[in-house]
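The next block is work_0.cif, given as mmCIF, C-alpha atoms and all ligand atoms.
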```cif
data_upload
#
loop_
_atom_site.label_atom_id
_atom_site.label_comp_id
_atom_site.auth_asym_id
_atom_site.auth_seq_id
_atom_site.Cartn_x
_atom_site.Cartn_y
_atom_site.Cartn_z
CA MET G 67 0.00 0.00 0.00
CA LEU G 68 2.99 2.32 0.57
CA ASN G 69 5.07 0.89 -2.25
CA GLY G 70 7.26 3.52 -3.87
CA LYS G 71 6.77 5.96 -0.97
CA VAL G 72 9.66 7.39 1.03
CA ALA G 73 9.13 7.85 4.77
CA VAL G 74 11.29 9.86 7.16
CA VAL G 75 10.88 8.93 10.81
CA THR G 76 12.63 10.82 13.61
CA GLY G 77 13.69 8.83 16.65
CA GLY G 78 13.58 5.58 14.68
CA SER G 79 16.28 3.73 16.59
CA ARG G 80 14.17 2.55 19.52
CA GLY G 81 10.71 2.25 21.02
CA ILE G 82 7.70 3.56 19.12
CA GLY G 83 9.84 5.04 16.35
CA ARG G 84 11.44 1.70 15.54
CA GLU G 85 8.03 0.03 15.29
CA ILE G 86 6.78 2.86 13.07
CA CYS G 87 9.76 2.35 10.73
CA LEU G 88 9.08 -1.41 10.61
CA GLU G 89 5.33 -1.04 10.06
CA LEU G 90 5.81 1.46 7.22
CA ALA G 91 8.42 -0.83 5.65
CA LYS G 92 6.08 -3.81 6.00
CA ARG G 93 3.62 -1.84 3.85
CA GLY G 94 6.31 -1.22 1.23
CA ALA G 95 7.77 2.20 2.11
CA ASP G 96 11.46 3.00 1.91
CA VAL G 97 12.57 4.41 5.25
CA ALA G 98 15.11 7.03 6.30
CA PHE G 99 15.25 7.50 10.03
CA LEU G 100 17.02 9.88 12.39
CA TYR G 101 18.36 9.07 15.82
CA ALA G 102 20.14 11.05 18.54
CA GLY G 103 23.21 8.92 19.25
CA ASN G 104 22.41 5.30 20.07
CA ALA G 105 24.27 3.75 17.13
CA ASP G 106 23.73 0.16 18.32
CA ALA G 107 19.96 0.56 18.47
CA ALA G 108 19.96 2.38 15.12
CA GLY G 109 21.97 -0.47 13.59
CA GLU G 110 19.44 -2.99 14.88
CA THR G 111 16.51 -1.06 13.38
CA LEU G 112 18.41 -0.79 10.13
CA SER G 113 19.03 -4.56 9.92
CA LEU G 114 15.37 -5.27 10.70
CA LEU G 115 14.29 -2.85 7.97
CA ARG G 116 16.64 -4.29 5.39
CA GLU G 117 15.28 -7.78 6.11
CA GLN G 118 12.03 -6.43 4.64
CA ASN G 119 13.71 -5.67 1.32
CA VAL G 120 13.08 -1.95 1.39
CA ARG G 121 15.65 0.79 1.04
CA ALA G 122 16.62 1.96 4.52
CA GLU G 123 19.20 4.37 5.94
CA ALA G 124 19.88 5.71 9.44
CA TYR G 125 21.16 9.22 10.09
CA GLN G 126 22.51 10.55 13.37
CA CYS G 127 21.02 14.02 13.91
CA ASP G 128 19.87 16.02 16.91
CA VAL G 129 16.51 17.34 15.72
CA SER G 130 16.79 20.35 18.04
CA ASP G 131 19.74 21.62 15.99
CA ALA G 132 18.22 23.50 13.05
CA SER G 133 21.37 23.53 10.93
CA ALA G 134 22.05 19.81 11.55
CA VAL G 135 18.45 19.10 10.47
CA ARG G 136 18.93 21.14 7.28
CA GLU G 137 22.12 19.23 6.46
CA VAL G 138 20.71 15.78 7.18
CA PHE G 139 17.64 16.41 5.03
CA LYS G 140 19.91 17.57 2.19
CA THR G 141 21.80 14.29 2.49
CA LEU G 142 18.77 12.03 2.78
CA LEU G 143 16.89 13.78 -0.01
CA ALA G 144 19.92 13.34 -2.27
CA ALA G 145 19.98 9.64 -1.34
CA PHE G 146 16.24 8.88 -1.58
CA GLY G 147 15.25 11.45 -4.21
CA THR G 148 12.06 12.54 -2.46
CA VAL G 149 9.94 12.31 0.69
CA ASP G 150 6.26 11.39 0.95
CA LEU G 151 5.79 10.87 4.69
CA LEU G 152 7.29 12.55 7.73
CA VAL G 153 6.74 11.13 11.19
CA ASN G 154 7.94 13.48 13.93
CA ASN G 155 8.43 10.94 16.69
CA ALA G 156 11.71 11.93 18.40
CA GLY G 157 11.01 12.94 21.96
CA VAL G 158 12.54 13.27 25.40
CA THR G 159 11.34 13.80 28.95
CA ARG G 160 12.98 15.69 31.81
CA ASP G 161 10.32 15.39 34.48
CA LYS G 162 10.27 17.51 37.66
CA LEU G 163 7.69 19.50 39.54
CA ALA G 164 7.64 23.02 38.10
CA MET G 165 9.13 24.66 41.16
CA MET G 166 12.15 22.30 41.02
CA MET G 167 12.53 22.27 37.23
CA LYS G 168 15.61 23.94 35.80
CA GLU G 169 15.07 26.38 32.96
CA GLU G 170 17.38 24.32 30.74
CA ASP G 171 15.23 21.21 31.28
CA PHE G 172 12.16 23.12 30.14
CA GLU G 173 14.02 24.48 27.13
CA ARG G 174 15.58 21.16 26.15
CA VAL G 175 12.26 19.30 26.08
CA LEU G 176 10.59 22.07 24.08
CA SER G 177 13.47 22.25 21.63
CA VAL G 178 13.61 18.51 20.90
CA ASN G 179 9.90 17.69 20.99
CA LEU G 180 8.39 20.81 19.45
CA GLN G 181 11.03 22.86 17.65
CA GLY G 182 12.59 19.68 16.26
CA ALA G 183 9.26 18.73 14.70
CA PHE G 184 8.98 22.16 13.09
CA TYR G 185 12.57 22.04 11.78
CA CYS G 186 11.91 18.65 10.13
CA ALA G 187 8.53 19.70 8.73
CA LYS G 188 10.17 22.81 7.28
CA GLN G 189 12.56 20.61 5.28
CA VAL G 190 9.88 18.36 3.77
CA ILE G 191 7.20 20.95 3.03
CA PRO G 192 8.81 22.39 -0.14
CA VAL G 193 9.23 18.87 -1.54
CA MET G 194 5.63 17.90 -0.72
CA VAL G 195 4.25 21.21 -2.02
CA LYS G 196 5.96 20.58 -5.36
CA LYS G 197 4.41 17.10 -5.53
CA ARG G 198 1.08 18.38 -4.24
CA SER G 199 0.93 15.40 -1.90
CA GLY G 200 2.40 14.25 1.38
CA LYS G 201 1.55 13.36 4.93
CA ILE G 202 3.04 14.69 8.17
CA ILE G 203 2.29 12.83 11.39
CA ASN G 204 3.33 14.21 14.77
CA ILE G 205 3.60 12.02 17.86
CA SER G 206 2.03 14.02 20.65
CA SER G 207 0.84 12.56 23.97
CA VAL G 208 -2.18 12.52 26.24
CA SER G 209 -0.01 14.68 28.51
CA GLY G 210 -0.51 17.40 25.92
CA LEU G 211 -4.28 16.97 26.17
CA MET G 212 -4.69 16.51 29.92
CA GLY G 213 -1.55 18.07 31.42
CA ASN G 214 0.45 16.04 33.90
CA ALA G 215 1.94 16.99 37.25
CA GLY G 216 5.73 16.78 36.98
CA GLN G 217 5.69 17.19 33.22
CA CYS G 218 4.93 20.86 32.54
CA ASN G 219 7.73 20.99 29.96
CA TYR G 220 6.73 17.75 28.23
CA ALA G 221 2.98 18.52 28.32
CA ALA G 222 3.63 22.01 26.90
CA SER G 223 5.71 20.52 24.08
CA LYS G 224 3.06 17.93 23.27
CA ALA G 225 0.21 20.46 23.41
CA GLY G 226 2.33 22.66 21.17
CA LEU G 227 2.59 19.82 18.68
CA ILE G 228 -1.20 19.73 18.46
CA GLY G 229 -1.26 23.46 17.61
CA LEU G 230 1.50 22.89 15.08
CA THR G 231 -0.48 20.00 13.57
CA LYS G 232 -3.68 22.02 13.20
CA SER G 233 -1.88 25.01 11.72
CA LEU G 234 0.09 22.94 9.22
CA ALA G 235 -3.10 21.08 8.30
CA ARG G 236 -4.84 24.36 7.45
CA GLU G 237 -1.80 25.78 5.69
CA LEU G 238 -1.02 22.72 3.59
CA ALA G 239 -4.48 21.34 2.77
CA PRO G 240 -4.72 23.45 -0.41
CA ARG G 241 -1.51 21.73 -1.58
CA GLY G 242 -2.83 18.21 -1.03
CA ILE G 243 -0.80 17.62 2.14
CA THR G 244 -2.34 16.34 5.37
CA CYS G 245 -1.02 16.75 8.89
CA ASN G 246 -2.29 14.77 11.87
CA ALA G 247 -1.19 13.92 15.39
CA VAL G 248 -1.29 10.77 17.46
CA ALA G 249 -1.60 11.05 21.23
CA PRO G 250 -0.50 7.88 23.00
CA GLY G 251 -1.09 7.26 26.69
CA PHE G 252 1.48 4.96 28.31
CA VAL G 253 3.45 2.80 25.91
CA GLU G 254 5.93 0.07 26.86
CA THR G 255 9.27 1.63 25.87
CA ASP G 256 12.52 2.79 27.51
CA MET G 257 10.74 6.09 28.24
CA THR G 258 8.31 4.39 30.63
CA ALA G 259 10.67 1.63 31.82
CA SER G 260 10.91 3.17 35.30
CA LEU G 261 7.15 2.81 35.77
CA ALA G 262 7.10 -0.65 37.30
CA GLU G 263 4.40 -3.24 36.79
CA ASN G 264 1.37 -2.99 39.04
CA ASN G 265 1.83 0.76 38.95
CA PRO G 266 -1.18 2.59 40.44
CA LEU G 267 -1.27 4.46 37.11
CA LEU G 268 -2.98 1.36 35.71
CA ASP G 269 -6.06 2.17 37.83
CA ASN G 270 -6.61 5.21 35.62
CA ILE G 271 -6.44 3.26 32.37
CA PRO G 272 -9.80 1.66 31.60
CA LEU G 273 -8.10 -1.05 29.51
CA LYS G 274 -5.71 -1.74 32.44
CA ARG G 275 -2.50 -2.04 30.47
CA PHE G 276 0.12 0.01 28.66
CA ALA G 277 0.10 0.03 24.83
CA LYS G 278 2.60 -1.98 22.82
CA PRO G 279 4.72 0.22 20.51
CA ALA G 280 3.42 -1.81 17.56
CA GLU G 281 -0.15 -0.71 18.35
CA VAL G 282 0.86 2.94 18.01
CA ALA G 283 2.78 2.12 14.82
CA LYS G 284 -0.34 0.60 13.23
CA LEU G 285 -2.29 3.80 13.86
CA VAL G 286 0.52 5.85 12.32
CA ALA G 287 0.58 3.51 9.31
CA PHE G 288 -3.17 4.02 8.88
CA LEU G 289 -2.72 7.81 8.92
CA ALA G 290 0.12 7.40 6.40
CA SER G 291 -2.07 5.36 4.07
CA PRO G 292 -4.45 6.50 1.32
CA ASP G 293 -7.32 5.31 3.59
CA ALA G 294 -6.66 8.46 5.64
CA ASP G 295 -6.58 10.89 2.72
CA TYR G 296 -9.60 12.84 4.02
CA ILE G 297 -8.33 13.15 7.61
CA THR G 298 -6.35 16.27 8.48
CA GLY G 299 -5.76 18.41 11.55
CA GLU G 300 -6.90 15.54 13.75
CA THR G 301 -5.35 14.26 16.98
CA ILE G 302 -6.14 10.60 17.62
CA ARG G 303 -5.73 9.28 21.16
CA ILE G 304 -4.39 5.75 21.60
CA ASP G 305 -4.42 5.47 25.35
CA GLY G 306 -6.60 2.59 26.51
CA GLY G 307 -9.20 5.16 27.54
CA LEU G 308 -6.90 7.11 29.90
CA ALA G 309 -8.06 10.53 28.68
CA ILE G 310 -11.77 9.75 28.22
P1 LIG B 401 12.28 6.26 23.52
O1 LIG B 401 12.12 4.78 23.60
O2 LIG B 401 12.92 7.00 24.64
O3 LIG B 401 13.04 6.60 22.14
C1 LIG B 401 13.28 7.94 21.83
C2 LIG B 401 13.76 8.02 20.39
O4 LIG B 401 13.95 9.40 20.06
C3 LIG B 401 15.09 7.34 20.17
O5 LIG B 401 15.13 6.86 18.86
C4 LIG B 401 16.07 8.49 20.33
O6 LIG B 401 17.32 8.28 19.65
C5 LIG B 401 15.30 9.60 19.67
N1 LIG B 401 15.71 10.93 20.10
C6 LIG B 401 15.74 11.44 21.37
N2 LIG B 401 16.19 12.71 21.35
C7 LIG B 401 16.47 13.01 20.06
C8 LIG B 401 17.01 14.13 19.40
N3 LIG B 401 17.36 15.24 20.08
N4 LIG B 401 17.19 14.08 18.06
C9 LIG B 401 16.86 12.98 17.36
N5 LIG B 401 16.35 11.87 17.92
C10 LIG B 401 16.16 11.88 19.26
O7 LIG B 401 10.87 6.98 23.31
P2 LIG B 401 9.43 6.36 22.96
O8 LIG B 401 8.78 5.97 24.23
O9 LIG B 401 9.54 5.42 21.85
O10 LIG B 401 8.68 7.70 22.48
C11 LIG B 401 8.58 8.06 21.12
C12 LIG B 401 7.66 9.27 21.02
O11 LIG B 401 6.38 8.93 21.55
C13 LIG B 401 8.14 10.48 21.81
O12 LIG B 401 7.84 11.66 21.11
C14 LIG B 401 7.32 10.40 23.07
O13 LIG B 401 7.17 11.66 23.68
C15 LIG B 401 6.02 9.88 22.54
N6 LIG B 401 5.20 9.23 23.56
C16 LIG B 401 5.68 8.16 24.25
C17 LIG B 401 4.88 7.58 25.22
C18 LIG B 401 5.33 6.39 26.03
O14 LIG B 401 4.60 6.01 26.96
N7 LIG B 401 6.45 5.78 25.75
C19 LIG B 401 3.60 8.09 25.47
C20 LIG B 401 3.15 9.18 24.73
C21 LIG B 401 3.96 9.74 23.77
P3 LIG B 401 18.53 7.43 20.39
O15 LIG B 401 18.09 5.99 20.39
O16 LIG B 401 19.71 7.68 19.52
O17 LIG B 401 18.65 7.98 21.77
#
```
Could you write out this file's structure as structure tokens?
Amino acid sequence: MLNGKVAVVTGGSRGIGREICLELAKRGADVAFLYAGNADAAGETLSLLREQNVRAEAYQCDVSDASAVREVFKTLLAAFGTVDLLVNNAGVTRDKLAMMMKEEDFERVLSVNLQGAFYCAKQVIPVMVKKRSGKIINISSVSGLMGNAGQCNYAASKAGLIGLTKSLARELAPRGITCNAVAPGFVETDMTASLAENNPLLDNIPLKRFAKPAEVAKLVAFLASPDADYITGETIRIDGGLAI
């Protein structure tokens, strides 16, 4: 279904991003992914992708660095020739109650999670506008919808992504480009590894479990597919009912 399409996924080395890369490849897309620095994990994703007989490349790039993002997109566009899908998935947390949070922890989370998504979108938009088609998918979070004590930086970045999504959707719709967001609740990845089993958090999740990264990836693959051509500016929760 995505044969001949080129997908760029940020934060593709681990967790949800890796599963997104694999799911898009399973549906036939070639995949370029970015990662922050974990070369071993990136290498593993790359081998798994290549087993699926698609073109795949990994690029080390800190998405919060605008000039590094410009350079890496130049390189990957030269290698792949085009881009059809962008998944802004790279994200970090630096949790603390607001009164204890250092300014640099607030700034770092905003710059990776929100500014990084804008920097990457900025690189693909001219290509997509020329083709008059393309899909941008931003990985937000229920924290951005509900807020979360101890996560004012993260929740602000994820709420910001929803505003970015809606604005890009309005701006780019006339050019045949859609932009949507996905808002996961708790997903089993390194990011939530410290939240032990039997966590009282489970009481707040009607489905009583965390999501598997592959479940989020399937939703992203749906939004990336032609079946979602008429959906834009939407934020879809995948949270086991947490934010009902
Ligand atoms: P993860 O397991 O911690 O993986 C984070 C990924 O982002 C890694 O590939 C990492 O690269 C990359 N990354 C981090 N900082 C980066 C930077 N500055 N530049 C480029 N890449 C960077 O995270 P995850 O749990 O899969 O989360 C993926 C996304 O889903 C994030 O946006 C997160 O906020 C969101 N989300 C997660 C959950 C959850 O419960 N896990 C819930 C809601 C939303 P390296 O491997 O090189 O470090």
Need the shell around G:Ile271: protein/DNA/RNA residues with any atom at most 7 Å away, counting all atoms listed in the file. Skip same-chain ones fewer than 4 positions apart. Format as number ranges by chain?
G: 275, 306-308
What's the 10 Å shell around G:Leu143, counting all atoms listed in the file, without same-chain residues fewer than 2 positions away, as a VMD selection string?
chain G and resid 72 74 98 137 to 141 145 to 149 189 to 190 193
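Of the residues under consideration (G:Glu85, G:Asp96, G:Glu117, G:Asp171), G:Glu85 shows the shortest atom-to-atom contact distance to ligand LIG 401 (chain B) when counting only C-alpha atoms and all ligand atoms.
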Could you write out as lines of an AutoDock Vina configuration file the box around ligand LIG 401 (chain B) (axis-aligned, all atoms listed in the file, 8 Å on each side), with centre and edge lengths in Å to one decimal?
```
center_x = 11.4
center_y = 10.0
center_z = 22.2
size_x = 32.6
size_y = 26.5
size_z = 25.6
```
Taking all atoms listed in the file into account, report as a PyMOL selection string which residues have an atom no farther than 7 Å from an atom of ligand LIG 401 (chain B).
chain G and resi 76-83+100-105+107-108+127-130+155-158+178-179+205-208+249-258
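The neighbours of G:Ile191 here are the residues that come within 9 Å of it, using all atoms listed in the file and leaving out any residue fewer than 5 positions away in the same chain; they are G:Cys186, G:Lys196, G:Gly200, G:Leu238, G:Ile243.
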In Å and to one decimal, atom CA of G:Ala124 is distant from atom CA of G:Leu151 by 15.7 Å
Min atom-atom distance to G:Asp305 from the set G:Gln118, G:Ser291, G:Asn270, G:Gln217, counting only C-alpha atoms, belongs to G:Asn270
Nearest to G:Glu173, chosen from G:Ile304, G:Ala235, G:Ala222, G:Ala187, with all atoms listed in the file counted in the distances
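Of G:Ile304, G:Ala235, G:Ala222, G:Ala187, the one nearest G:Glu173 is G:Ala222, counting all atoms listed in the file.
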Interatomic distance, atom CA of G:Thr244 to atom CA of G:Ile202 (Å, one decimal)
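Atom CA of G:Ile202 lies 6.3 Å from atom CA of G:Thr244.
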For the atom pair atom CA of G:Thr301 and atom CA of G:Lys224, what is the interatomic distance in Å to one decimal place?
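So the answer is 11.1 Å.
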Please work out which residues fall within 12 Å of (9.5, 24.6, 12.7), coordinates as given in the file, with all atoms listed in the file counting, and return them as JSON, numbers by chain.
{"G": [129, 130, 131, 132, 135, 136, 154, 176, 177, 178, 179, 180, 181, 182, 183, 184, 185, 186, 187, 188, 189, 190, 191, 226, 227, 229, 230, 231, 233, 234]}
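Minimum atom-to-atom distances from G:Ala122, G:Val97, G:Val286, G:Val75 to G:Val153 were compared using all atoms listed in the file, and the lowest value belongs to G:Val75.
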Name the residues in contact with G:Ala287 at a cut-off of 12 Å, using all atoms listed in the file, excluding same-chain residues fewer than 5 positions from it; report them as a PDB file with C-alpha atoms, keeping the file's coordinate frame.
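Okay, this is what ended up in result_4.pdb:
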```pdb
ATOM      1  CA  MET G  67       0.000   0.000   0.000  1.00  0.00           C
ATOM      2  CA  LEU G  68       2.990   2.320   0.570  1.00  0.00           C
ATOM      3  CA  ALA G  73       9.130   7.850   4.770  1.00  0.00           C
ATOM      4  CA  VAL G  75      10.880   8.930  10.810  1.00  0.00           C
ATOM      5  CA  GLY G  83       9.840   5.040  16.350  1.00  0.00           C
ATOM      6  CA  GLU G  85       8.030   0.030  15.290  1.00  0.00           C
ATOM      7  CA  ILE G  86       6.780   2.860  13.070  1.00  0.00           C
ATOM      8  CA  CYS G  87       9.760   2.350  10.730  1.00  0.00           C
ATOM      9  CA  LEU G  88       9.080  -1.410  10.610  1.00  0.00           C
ATOM     10  CA  GLU G  89       5.330  -1.040  10.060  1.00  0.00           C
ATOM     11  CA  LEU G  90       5.810   1.460   7.220  1.00  0.00           C
ATOM     12  CA  ALA G  91       8.420  -0.830   5.650  1.00  0.00           C
ATOM     13  CA  LYS G  92       6.080  -3.810   6.000  1.00  0.00           C
ATOM     14  CA  ARG G  93       3.620  -1.840   3.850  1.00  0.00           C
ATOM     15  CA  GLY G  94       6.310  -1.220   1.230  1.00  0.00           C
ATOM     16  CA  ALA G  95       7.770   2.200   2.110  1.00  0.00           C
ATOM     17  CA  LEU G 151       5.790  10.870   4.690  1.00  0.00           C
ATOM     18  CA  LEU G 152       7.290  12.550   7.730  1.00  0.00           C
ATOM     19  CA  VAL G 153       6.740  11.130  11.190  1.00  0.00           C
ATOM     20  CA  LYS G 201       1.550  13.360   4.930  1.00  0.00           C
ATOM     21  CA  ILE G 202       3.040  14.690   8.170  1.00  0.00           C
ATOM     22  CA  ILE G 203       2.290  12.830  11.390  1.00  0.00           C
ATOM     23  CA  ASN G 246      -2.290  14.770  11.870  1.00  0.00           C
ATOM     24  CA  VAL G 248      -1.290  10.770  17.460  1.00  0.00           C
ATOM     25  CA  ALA G 280       3.420  -1.810  17.560  1.00  0.00           C
ATOM     26  CA  GLU G 281      -0.150  -0.710  18.350  1.00  0.00           C
ATOM     27  CA  VAL G 282       0.860   2.940  18.010  1.00  0.00           C
ATOM     28  CA  PRO G 292      -4.450   6.500   1.320  1.00  0.00           C
ATOM     29  CA  ASP G 293      -7.320   5.310   3.590  1.00  0.00           C
ATOM     30  CA  ALA G 294      -6.660   8.460   5.640  1.00  0.00           C
TER      31      ALA G 294
END
```
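The shortest atom-to-atom distance to G:Pro279, with all atoms listed in the file taken into account, belongs to G:Arg84 out of G:Arg84, G:Arg198, G:Met212, G:Glu237.
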Proximity to G:Ala247 - best of G:Ile228, G:Met165, G:Leu112, G:Val195, only C-alpha atoms
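Of G:Ile228, G:Met165, G:Leu112, G:Val195, the one nearest G:Ala247 is G:Ile228, counting only C-alpha atoms.
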